[in-house]
Amino acid sequence: VQLQASGGGLVQAGGSLRLSCAASGRLFGSYGMGWSRQAPGKERESVATISWSGNTYYSESVKGRFTISRDNAKNTVYLQMNSLKPEDTAVYYCGQGNPPHYDYWGQGTLVTVSS
């Protein structure tokens, strides 16, 4: 299984980014997907998950600002991030499995939010 995350970058506070994670190697539609992040000096935290059936979960820190979605035809999961804050700065990782348990993680994409 390979998970390729993309879409990170530098954005000003209040701006938006959309992360993508393309999966390959097994039947995408049968597994849950999720995004976690790790800021410098901090532990990794779960940000959002989406089950194989489309049920979603968000951490309190991003609820109302981030939206996770999936396109099973494209084997891709997305994370739309709006109203970004400097504290959202982190490396974002996508995972596949049965959230909160994951079998595989991607390589991460860096999001930097400037104040």
# chains A, B, ... in the order shown; residues from 1 in each chain; ligands from 1
>>> select_by_dssp(residues="chain A", states="helix (DSSP H, G or I)", output="PyMOL selection string")
chain A and resi 28-30+86-88
>>> write_last_selection(atoms="all heavy atoms", output="tab-separated table (two decimals), in the first residue's frame")
chain	number	residue	atom	x	y	z
A	28	PHE	N	-9.61	0.67	-2.02
A	28	PHE	CA	-9.72	1.92	-1.26
A	28	PHE	C	-11.05	2.02	-0.52
A	28	PHE	O	-11.10	2.41	0.65
A	28	PHE	CB	-9.55	3.09	-2.23
A	28	PHE	CG	-9.63	4.43	-1.60
A	28	PHE	CD1	-8.55	4.95	-0.91
A	28	PHE	CD2	-10.79	5.20	-1.69
A	28	PHE	CE1	-8.61	6.20	-0.33
A	28	PHE	CE2	-10.86	6.45	-1.11
A	28	PHE	CZ	-9.76	6.96	-0.43
A	29	GLY	N	-12.12	1.68	-1.19
A	29	GLY	CA	-13.45	1.87	-0.63
A	29	GLY	C	-13.77	1.00	0.57
A	29	GLY	O	-14.78	1.21	1.23
A	30	SER	N	-12.92	0.05	0.88
A	30	SER	CA	-13.15	-0.86	1.99
A	30	SER	C	-12.54	-0.38	3.30
A	30	SER	O	-12.72	-1.04	4.34
A	30	SER	CB	-12.59	-2.24	1.67
A	30	SER	OG	-13.27	-2.82	0.58
A	86	PRO	N	-2.06	30.01	12.79
A	86	PRO	CA	-0.65	29.64	12.96
A	86	PRO	C	-0.48	28.32	13.71
A	86	PRO	O	0.46	27.56	13.41
A	86	PRO	CB	-0.07	30.82	13.74
A	86	PRO	CG	-0.91	31.98	13.31
A	86	PRO	CD	-2.30	31.42	13.17
A	87	GLU	N	-1.37	28.03	14.63
A	87	GLU	CA	-1.26	26.78	15.39
A	87	GLU	C	-1.63	25.55	14.57
A	87	GLU	O	-1.47	24.42	15.04
A	87	GLU	CB	-2.13	26.83	16.66
A	87	GLU	CG	-3.56	27.25	16.44
A	87	GLU	CD	-3.77	28.74	16.71
A	87	GLU	OE1	-2.92	29.55	16.28
A	87	GLU	OE2	-4.79	29.08	17.36
A	88	ASP	N	-2.08	25.74	13.34
A	88	ASP	CA	-2.31	24.61	12.44
A	88	ASP	C	-1.03	24.19	11.73
A	88	ASP	O	-1.02	23.17	11.02
A	88	ASP	CB	-3.36	24.96	11.38
A	88	ASP	CG	-4.74	25.19	11.97
A	88	ASP	OD1	-5.14	24.41	12.86
A	88	ASP	OD2	-5.41	26.14	11.54
>>> residues_around(residues="Lys63 of chain A", least_positions_apart="5", cutoff="10 Å", atoms="only C-alpha atoms", output="list in words")
Val47, Ala48, Tyr57 and Tyr58 of chain A
>>> residues_around(residues="Arg70 of chain A", least_positions_apart="2", cutoff="9 Å", atoms="only C-alpha atoms", output="MDAnalysis selection string")
chainID A and resid 33 50 54 68 72:79
>>> residues_around(residues="Gln80 of chain A", least_positions_apart="5", cutoff="8 Å", atoms="only C-alpha atoms", output="list of chain:residue names")
A:Ser16, A:Leu17, A:Arg18, A:Leu19, A:Phe66, A:Thr67, A:Ile68
>>> select_by_dssp(residues="chain A", states="strand (DSSP E or B)", output="mmCIF file with N, CA, C and O atoms, in the first residue's frame")
data_model
loop_
_atom_site.group_PDB
_atom_site.id
_atom_site.type_symbol
_atom_site.label_atom_id
_atom_site.label_comp_id
_atom_site.auth_asym_id
_atom_site.auth_seq_id
_atom_site.Cartn_x
_atom_site.Cartn_y
_atom_site.Cartn_z
ATOM 1 N N GLN A 2 0.494 2.200 -0.847
ATOM 2 C CA GLN A 2 1.193 3.484 -0.871
ATOM 3 C C GLN A 2 0.188 4.606 -0.682
ATOM 4 O O GLN A 2 -0.900 4.574 -1.259
ATOM 5 N N LEU A 3 0.571 5.565 0.146
ATOM 6 C CA LEU A 3 -0.250 6.746 0.375
ATOM 7 C C LEU A 3 0.603 7.963 0.062
ATOM 8 O O LEU A 3 1.651 8.172 0.671
ATOM 9 N N GLN A 4 0.159 8.752 -0.910
ATOM 10 C CA GLN A 4 0.923 9.908 -1.372
ATOM 11 C C GLN A 4 0.154 11.176 -1.037
ATOM 12 O O GLN A 4 -0.846 11.487 -1.689
ATOM 13 N N ALA A 5 0.638 11.897 -0.040
ATOM 14 C CA ALA A 5 -0.001 13.148 0.370
ATOM 15 C C ALA A 5 0.589 14.320 -0.395
ATOM 16 O O ALA A 5 1.791 14.335 -0.695
ATOM 17 N N SER A 6 -0.240 15.290 -0.683
ATOM 18 C CA SER A 6 0.209 16.494 -1.389
ATOM 19 C C SER A 6 -0.707 17.656 -1.016
ATOM 20 O O SER A 6 -1.751 17.468 -0.395
ATOM 21 N N GLY A 9 1.842 23.612 1.986
ATOM 22 C CA GLY A 9 2.517 24.815 1.542
ATOM 23 C C GLY A 9 2.450 25.900 2.584
ATOM 24 O O GLY A 9 2.098 25.653 3.743
ATOM 25 N N LEU A 10 2.801 27.096 2.166
ATOM 26 C CA LEU A 10 2.799 28.269 3.039
ATOM 27 C C LEU A 10 1.563 29.113 2.747
ATOM 28 O O LEU A 10 1.286 29.436 1.587
ATOM 29 N N VAL A 11 0.835 29.463 3.795
ATOM 30 C CA VAL A 11 -0.373 30.256 3.637
ATOM 31 C C VAL A 11 -0.470 31.230 4.804
ATOM 32 O O VAL A 11 0.022 30.945 5.897
ATOM 33 N N GLN A 12 -1.092 32.357 4.555
ATOM 34 C CA GLN A 12 -1.300 33.325 5.626
ATOM 35 C C GLN A 12 -2.467 32.903 6.502
ATOM 36 O O GLN A 12 -3.385 32.195 6.059
ATOM 37 N N LEU A 17 -6.224 25.832 2.403
ATOM 38 C CA LEU A 17 -5.457 24.848 1.642
ATOM 39 C C LEU A 17 -6.300 23.591 1.540
ATOM 40 O O LEU A 17 -7.128 23.314 2.418
ATOM 41 N N ARG A 18 -6.048 22.824 0.477
ATOM 42 C CA ARG A 18 -6.676 21.512 0.367
ATOM 43 C C ARG A 18 -5.590 20.462 0.202
ATOM 44 O O ARG A 18 -4.806 20.516 -0.741
ATOM 45 N N LEU A 19 -5.561 19.539 1.137
ATOM 46 C CA LEU A 19 -4.632 18.418 1.068
ATOM 47 C C LEU A 19 -5.299 17.252 0.351
ATOM 48 O O LEU A 19 -6.505 17.042 0.483
ATOM 49 N N SER A 20 -4.484 16.507 -0.376
ATOM 50 C CA SER A 20 -4.954 15.306 -1.051
ATOM 51 C C SER A 20 -4.066 14.137 -0.647
ATOM 52 O O SER A 20 -2.884 14.321 -0.349
ATOM 53 N N CYS A 21 -4.648 12.968 -0.642
ATOM 54 C CA CYS A 21 -3.881 11.760 -0.365
ATOM 55 C C CYS A 21 -4.372 10.669 -1.307
ATOM 56 O O CYS A 21 -5.514 10.213 -1.193
ATOM 57 N N ALA A 22 -3.508 10.290 -2.237
ATOM 58 C CA ALA A 22 -3.842 9.255 -3.206
ATOM 59 C C ALA A 22 -3.350 7.914 -2.699
ATOM 60 O O ALA A 22 -2.179 7.778 -2.309
ATOM 61 N N ALA A 23 -4.231 6.943 -2.692
ATOM 62 C CA ALA A 23 -3.905 5.621 -2.169
ATOM 63 C C ALA A 23 -3.849 4.593 -3.283
ATOM 64 O O ALA A 23 -4.575 4.696 -4.273
ATOM 65 N N SER A 24 -3.005 3.603 -3.094
ATOM 66 C CA SER A 24 -2.926 2.501 -4.046
ATOM 67 C C SER A 24 -2.512 1.246 -3.298
ATOM 68 O O SER A 24 -1.922 1.334 -2.220
ATOM 69 N N GLY A 32 -11.252 2.826 6.118
ATOM 70 C CA GLY A 32 -11.330 4.190 6.591
ATOM 71 C C GLY A 32 -10.030 4.922 6.313
ATOM 72 O O GLY A 32 -8.983 4.316 6.105
ATOM 73 N N MET A 33 -10.139 6.246 6.288
ATOM 74 C CA MET A 33 -8.989 7.101 6.052
ATOM 75 C C MET A 33 -8.962 8.196 7.108
ATOM 76 O O MET A 33 -9.997 8.543 7.695
ATOM 77 N N GLY A 34 -7.802 8.756 7.319
ATOM 78 C CA GLY A 34 -7.723 9.824 8.292
ATOM 79 C C GLY A 34 -6.513 10.706 8.078
ATOM 80 O O GLY A 34 -5.574 10.338 7.369
ATOM 81 N N TRP A 35 -6.582 11.861 8.684
ATOM 82 C CA TRP A 35 -5.463 12.800 8.681
ATOM 83 C C TRP A 35 -5.039 13.045 10.132
ATOM 84 O O TRP A 35 -5.884 13.244 11.006
ATOM 85 N N SER A 36 -3.761 13.033 10.346
ATOM 86 C CA SER A 36 -3.204 13.442 11.625
ATOM 87 C C SER A 36 -2.119 14.465 11.339
ATOM 88 O O SER A 36 -1.718 14.663 10.191
ATOM 89 N N ARG A 37 -1.660 15.128 12.378
ATOM 90 C CA ARG A 37 -0.616 16.136 12.191
ATOM 91 C C ARG A 37 0.341 16.124 13.371
ATOM 92 O O ARG A 37 -0.015 15.708 14.477
ATOM 93 N N GLN A 38 1.536 16.591 13.097
ATOM 94 C CA GLN A 38 2.533 16.697 14.152
ATOM 95 C C GLN A 38 3.267 18.010 13.995
ATOM 96 O O GLN A 38 3.935 18.258 12.974
ATOM 97 N N GLU A 45 -1.282 14.250 16.568
ATOM 98 C CA GLU A 45 -2.680 14.257 16.967
ATOM 99 C C GLU A 45 -3.560 13.959 15.765
ATOM 100 O O GLU A 45 -3.266 14.364 14.628
ATOM 101 N N SER A 46 -4.652 13.255 16.034
ATOM 102 C CA SER A 46 -5.627 12.997 14.981
ATOM 103 C C SER A 46 -6.406 14.266 14.692
ATOM 104 O O SER A 46 -6.817 14.969 15.614
ATOM 105 N N VAL A 47 -6.614 14.540 13.418
ATOM 106 C CA VAL A 47 -7.314 15.747 13.004
ATOM 107 C C VAL A 47 -8.721 15.417 12.497
ATOM 108 O O VAL A 47 -9.692 16.036 12.916
ATOM 109 N N ALA A 48 -8.796 14.453 11.610
ATOM 110 C CA ALA A 48 -10.089 14.110 11.012
ATOM 111 C C ALA A 48 -10.023 12.688 10.470
ATOM 112 O O ALA A 48 -8.965 12.243 10.025
ATOM 113 N N THR A 49 -11.156 12.011 10.534
ATOM 114 C CA THR A 49 -11.245 10.665 9.964
ATOM 115 C C THR A 49 -12.535 10.537 9.176
ATOM 116 O O THR A 49 -13.513 11.270 9.415
ATOM 117 N N ILE A 50 -12.518 9.598 8.241
ATOM 118 C CA ILE A 50 -13.716 9.281 7.484
ATOM 119 C C ILE A 50 -13.759 7.776 7.304
ATOM 120 O O ILE A 50 -12.782 7.171 6.873
ATOM 121 N N THR A 56 -17.815 10.780 9.490
ATOM 122 C CA THR A 56 -16.658 11.627 9.750
ATOM 123 C C THR A 56 -16.505 11.943 11.235
ATOM 124 O O THR A 56 -17.467 11.914 12.010
ATOM 125 N N TYR A 57 -15.266 12.271 11.581
ATOM 126 C CA TYR A 57 -14.927 12.700 12.940
ATOM 127 C C TYR A 57 -13.902 13.817 12.817
ATOM 128 O O TYR A 57 -13.024 13.777 11.949
ATOM 129 N N TYR A 58 -14.038 14.819 13.690
ATOM 130 C CA TYR A 58 -13.088 15.918 13.713
ATOM 131 C C TYR A 58 -12.630 16.181 15.142
ATOM 132 O O TYR A 58 -13.414 16.081 16.092
ATOM 133 N N PHE A 66 -12.237 22.561 9.156
ATOM 134 C CA PHE A 66 -11.692 21.539 8.250
ATOM 135 C C PHE A 66 -12.818 20.600 7.825
ATOM 136 O O PHE A 66 -13.744 20.322 8.594
ATOM 137 N N THR A 67 -12.698 20.093 6.604
ATOM 138 C CA THR A 67 -13.647 19.107 6.091
ATOM 139 C C THR A 67 -12.888 17.977 5.419
ATOM 140 O O THR A 67 -12.069 18.226 4.531
ATOM 141 N N ILE A 68 -13.163 16.763 5.862
ATOM 142 C CA ILE A 68 -12.571 15.587 5.241
ATOM 143 C C ILE A 68 -13.585 14.981 4.279
ATOM 144 O O ILE A 68 -14.792 14.956 4.567
ATOM 145 N N SER A 69 -13.108 14.524 3.146
ATOM 146 C CA SER A 69 -13.981 13.882 2.173
ATOM 147 C C SER A 69 -13.180 12.832 1.422
ATOM 148 O O SER A 69 -11.952 12.808 1.499
ATOM 149 N N ARG A 70 -13.886 11.985 0.708
ATOM 150 C CA ARG A 70 -13.216 10.946 -0.050
ATOM 151 C C ARG A 70 -13.888 10.764 -1.404
ATOM 152 O O ARG A 70 -15.105 10.965 -1.535
ATOM 153 N N ASP A 71 -13.081 10.391 -2.384
ATOM 154 C CA ASP A 71 -13.572 10.071 -3.715
ATOM 155 C C ASP A 71 -13.103 8.659 -4.023
ATOM 156 O O ASP A 71 -11.929 8.453 -4.376
ATOM 157 N N THR A 76 -8.843 8.596 -3.460
ATOM 158 C CA THR A 76 -8.243 9.776 -2.859
ATOM 159 C C THR A 76 -9.088 10.298 -1.708
ATOM 160 O O THR A 76 -10.320 10.294 -1.788
ATOM 161 N N VAL A 77 -8.414 10.739 -0.670
ATOM 162 C CA VAL A 77 -9.058 11.414 0.451
ATOM 163 C C VAL A 77 -8.526 12.847 0.483
ATOM 164 O O VAL A 77 -7.367 13.098 0.141
ATOM 165 N N TYR A 78 -9.402 13.760 0.871
ATOM 166 C CA TYR A 78 -9.077 15.179 0.890
ATOM 167 C C TYR A 78 -9.255 15.749 2.285
ATOM 168 O O TYR A 78 -10.050 15.250 3.085
ATOM 169 N N LEU A 79 -8.527 16.832 2.539
ATOM 170 C CA LEU A 79 -8.745 17.603 3.757
ATOM 171 C C LEU A 79 -8.783 19.073 3.342
ATOM 172 O O LEU A 79 -7.751 19.658 2.999
ATOM 173 N N GLN A 80 -9.978 19.634 3.321
ATOM 174 C CA GLN A 80 -10.145 21.058 3.033
ATOM 175 C C GLN A 80 -9.971 21.815 4.333
ATOM 176 O O GLN A 80 -10.700 21.567 5.303
ATOM 177 N N MET A 81 -9.009 22.716 4.347
ATOM 178 C CA MET A 81 -8.681 23.457 5.556
ATOM 179 C C MET A 81 -8.945 24.941 5.318
ATOM 180 O O MET A 81 -8.300 25.553 4.459
ATOM 181 N N ALA A 90 2.063 22.348 10.863
ATOM 182 C CA ALA A 90 2.466 20.986 11.211
ATOM 183 C C ALA A 90 2.739 20.208 9.926
ATOM 184 O O ALA A 90 2.420 20.661 8.826
ATOM 185 N N VAL A 91 3.310 19.031 10.116
ATOM 186 C CA VAL A 91 3.354 18.051 9.032
ATOM 187 C C VAL A 91 2.079 17.224 9.126
ATOM 188 O O VAL A 91 1.758 16.697 10.197
ATOM 189 N N TYR A 92 1.367 17.144 8.039
ATOM 190 C CA TYR A 92 0.101 16.421 7.976
ATOM 191 C C TYR A 92 0.318 15.074 7.288
ATOM 192 O O TYR A 92 0.918 15.014 6.204
ATOM 193 N N TYR A 93 -0.200 14.036 7.939
ATOM 194 C CA TYR A 93 -0.058 12.675 7.436
ATOM 195 C C TYR A 93 -1.430 12.075 7.162
ATOM 196 O O TYR A 93 -2.374 12.297 7.933
ATOM 197 N N CYS A 94 -1.524 11.311 6.096
ATOM 198 C CA CYS A 94 -2.757 10.566 5.868
ATOM 199 C C CYS A 94 -2.515 9.105 6.196
ATOM 200 O O CYS A 94 -1.413 8.583 6.008
ATOM 201 N N GLY A 95 -3.553 8.480 6.705
ATOM 202 C CA GLY A 95 -3.468 7.080 7.079
ATOM 203 C C GLY A 95 -4.650 6.304 6.553
ATOM 204 O O GLY A 95 -5.707 6.872 6.259
ATOM 205 N N GLN A 96 -4.466 4.999 6.472
ATOM 206 C CA GLN A 96 -5.528 4.114 5.996
ATOM 207 C C GLN A 96 -5.656 2.945 6.949
ATOM 208 O O GLN A 96 -4.662 2.368 7.393
ATOM 209 N N GLY A 97 -6.891 2.588 7.244
ATOM 210 C CA GLY A 97 -7.117 1.440 8.113
ATOM 211 C C GLY A 97 -8.524 1.441 8.633
ATOM 212 O O GLY A 97 -9.475 1.581 7.849
ATOM 213 N N ASN A 98 -8.646 1.314 9.943
ATOM 214 C CA ASN A 98 -9.937 1.343 10.615
ATOM 215 C C ASN A 98 -9.811 2.347 11.756
ATOM 216 O O ASN A 98 -9.584 1.952 12.903
ATOM 217 N N HIS A 101 -7.446 3.184 14.375
ATOM 218 C CA HIS A 101 -6.317 2.285 14.155
ATOM 219 C C HIS A 101 -5.960 2.303 12.672
ATOM 220 O O HIS A 101 -6.845 2.197 11.816
ATOM 221 N N TYR A 102 -4.688 2.444 12.400
ATOM 222 C CA TYR A 102 -4.236 2.554 11.020
ATOM 223 C C TYR A 102 -3.220 1.472 10.695
ATOM 224 O O TYR A 102 -2.375 1.125 11.518
ATOM 225 N N ASP A 103 -3.298 0.983 9.465
ATOM 226 C CA ASP A 103 -2.343 0.000 8.977
ATOM 227 C C ASP A 103 -1.181 0.659 8.255
ATOM 228 O O ASP A 103 -0.062 0.147 8.263
ATOM 229 N N TYR A 104 -1.461 1.773 7.604
ATOM 230 C CA TYR A 104 -0.448 2.433 6.785
ATOM 231 C C TYR A 104 -0.546 3.945 6.943
ATOM 232 O O TYR A 104 -1.638 4.493 7.139
ATOM 233 N N TRP A 105 0.632 4.595 6.805
ATOM 234 C CA TRP A 105 0.725 6.049 6.826
ATOM 235 C C TRP A 105 1.490 6.517 5.599
ATOM 236 O O TRP A 105 2.420 5.849 5.141
ATOM 237 N N THR A 109 2.950 15.893 4.494
ATOM 238 C CA THR A 109 3.088 17.131 3.730
ATOM 239 C C THR A 109 3.051 18.292 4.708
ATOM 240 O O THR A 109 2.250 18.305 5.645
ATOM 241 N N LEU A 110 3.960 19.243 4.523
ATOM 242 C CA LEU A 110 4.134 20.328 5.483
ATOM 243 C C LEU A 110 3.176 21.478 5.191
ATOM 244 O O LEU A 110 3.100 21.964 4.062
ATOM 245 N N VAL A 111 2.483 21.891 6.227
ATOM 246 C CA VAL A 111 1.613 23.069 6.168
ATOM 247 C C VAL A 111 2.179 24.116 7.118
ATOM 248 O O VAL A 111 2.377 23.836 8.303
ATOM 249 N N THR A 112 2.434 25.299 6.591
ATOM 250 C CA THR A 112 2.947 26.397 7.398
ATOM 251 C C THR A 112 1.997 27.572 7.279
ATOM 252 O O THR A 112 1.716 28.032 6.164
ATOM 253 N N VAL A 113 1.500 28.030 8.419
ATOM 254 C CA VAL A 113 0.566 29.148 8.449
ATOM 255 C C VAL A 113 1.268 30.327 9.115
ATOM 256 O O VAL A 113 1.638 30.247 10.288
ATOM 257 N N SER A 114 1.421 31.392 8.363
ATOM 258 C CA SER A 114 2.096 32.577 8.900
ATOM 259 C C SER A 114 1.089 33.547 9.508
ATOM 260 O O SER A 114 -0.042 33.657 9.036
#
>>> residues_around(residues="Gly14 of chain A", least_positions_apart="6", cutoff="7 Å", atoms="only C-alpha atoms", output="PyMOL selection string")
chain A and resi 83-85
>>> write_last_selection(atoms="N, CA, C and O atoms", output="PDB file, in the first residue's frame")
ATOM      1  N   SER A  83      -9.916  28.922   7.171  1.00  0.00           N
ATOM      2  CA  SER A  83      -9.666  29.755   8.356  1.00  0.00           C
ATOM      3  C   SER A  83      -8.441  29.268   9.113  1.00  0.00           C
ATOM      4  O   SER A  83      -8.465  29.089  10.338  1.00  0.00           O
ATOM      5  N   LEU A  84      -7.376  29.052   8.383  1.00  0.00           N
ATOM      6  CA  LEU A  84      -6.164  28.492   8.993  1.00  0.00           C
ATOM      7  C   LEU A  84      -5.562  29.441  10.009  1.00  0.00           C
ATOM      8  O   LEU A  84      -5.609  30.671   9.858  1.00  0.00           O
ATOM      9  N   LYS A  85      -4.992  28.837  11.046  1.00  0.00           N
ATOM     10  CA  LYS A  85      -4.365  29.575  12.139  1.00  0.00           C
ATOM     11  C   LYS A  85      -2.895  29.169  12.230  1.00  0.00           C
ATOM     12  O   LYS A  85      -2.526  28.059  11.824  1.00  0.00           O
TER      13      LYS A  85
END
>>> closest_residue(among="A:Gly64, A:Arg26, A:Thr89, A:Asn55", to="Pro40 of chain A", atoms="only C-alpha atoms")
A:Thr89
>>> decode(residues="segment 17-32 of chain A", atoms="N, CA, C and O atoms", output="short mmCIF file (atom, residue, chain, number, x, y, z; two decimals), in the first residue's frame")
data_model
loop_
_atom_site.label_atom_id
_atom_site.label_comp_id
_atom_site.auth_asym_id
_atom_site.auth_seq_id
_atom_site.Cartn_x
_atom_site.Cartn_y
_atom_site.Cartn_z
N LEU A 17 -6.22 25.83 2.40
CA LEU A 17 -5.46 24.85 1.64
C LEU A 17 -6.30 23.59 1.54
O LEU A 17 -7.13 23.31 2.42
N ARG A 18 -6.05 22.82 0.48
CA ARG A 18 -6.68 21.51 0.37
C ARG A 18 -5.59 20.46 0.20
O ARG A 18 -4.81 20.52 -0.74
N LEU A 19 -5.56 19.54 1.14
CA LEU A 19 -4.63 18.42 1.07
C LEU A 19 -5.30 17.25 0.35
O LEU A 19 -6.50 17.04 0.48
N SER A 20 -4.48 16.51 -0.38
CA SER A 20 -4.95 15.31 -1.05
C SER A 20 -4.07 14.14 -0.65
O SER A 20 -2.88 14.32 -0.35
N CYS A 21 -4.65 12.97 -0.64
CA CYS A 21 -3.88 11.76 -0.36
C CYS A 21 -4.37 10.67 -1.31
O CYS A 21 -5.51 10.21 -1.19
N ALA A 22 -3.51 10.29 -2.24
CA ALA A 22 -3.84 9.26 -3.21
C ALA A 22 -3.35 7.91 -2.70
O ALA A 22 -2.18 7.78 -2.31
N ALA A 23 -4.23 6.94 -2.69
CA ALA A 23 -3.90 5.62 -2.17
C ALA A 23 -3.85 4.59 -3.28
O ALA A 23 -4.57 4.70 -4.27
N SER A 24 -3.00 3.60 -3.09
CA SER A 24 -2.93 2.50 -4.05
C SER A 24 -2.51 1.25 -3.30
O SER A 24 -1.92 1.33 -2.22
N GLY A 25 -2.85 0.12 -3.87
CA GLY A 25 -2.38 -1.13 -3.31
C GLY A 25 -3.45 -2.05 -2.77
O GLY A 25 -3.22 -3.25 -2.63
N ARG A 26 -4.60 -1.50 -2.40
CA ARG A 26 -5.70 -2.36 -1.98
C ARG A 26 -6.99 -1.60 -2.18
O ARG A 26 -6.98 -0.41 -2.46
N LEU A 27 -8.13 -2.28 -2.00
CA LEU A 27 -9.42 -1.70 -2.34
C LEU A 27 -9.74 -0.51 -1.44
O LEU A 27 -10.08 -0.66 -0.28
N PHE A 28 -9.61 0.67 -2.02
CA PHE A 28 -9.72 1.92 -1.26
C PHE A 28 -11.05 2.02 -0.52
O PHE A 28 -11.10 2.41 0.65
N GLY A 29 -12.12 1.68 -1.19
CA GLY A 29 -13.45 1.87 -0.63
C GLY A 29 -13.77 1.00 0.57
O GLY A 29 -14.78 1.21 1.23
N SER A 30 -12.92 0.05 0.88
CA SER A 30 -13.15 -0.86 1.99
C SER A 30 -12.54 -0.38 3.30
O SER A 30 -12.72 -1.04 4.34
N TYR A 31 -11.82 0.73 3.26
CA TYR A 31 -11.06 1.16 4.43
C TYR A 31 -11.37 2.60 4.82
O TYR A 31 -11.70 3.43 3.97
N GLY A 32 -11.25 2.83 6.12
CA GLY A 32 -11.33 4.19 6.59
C GLY A 32 -10.03 4.92 6.31
O GLY A 32 -8.98 4.32 6.10
#
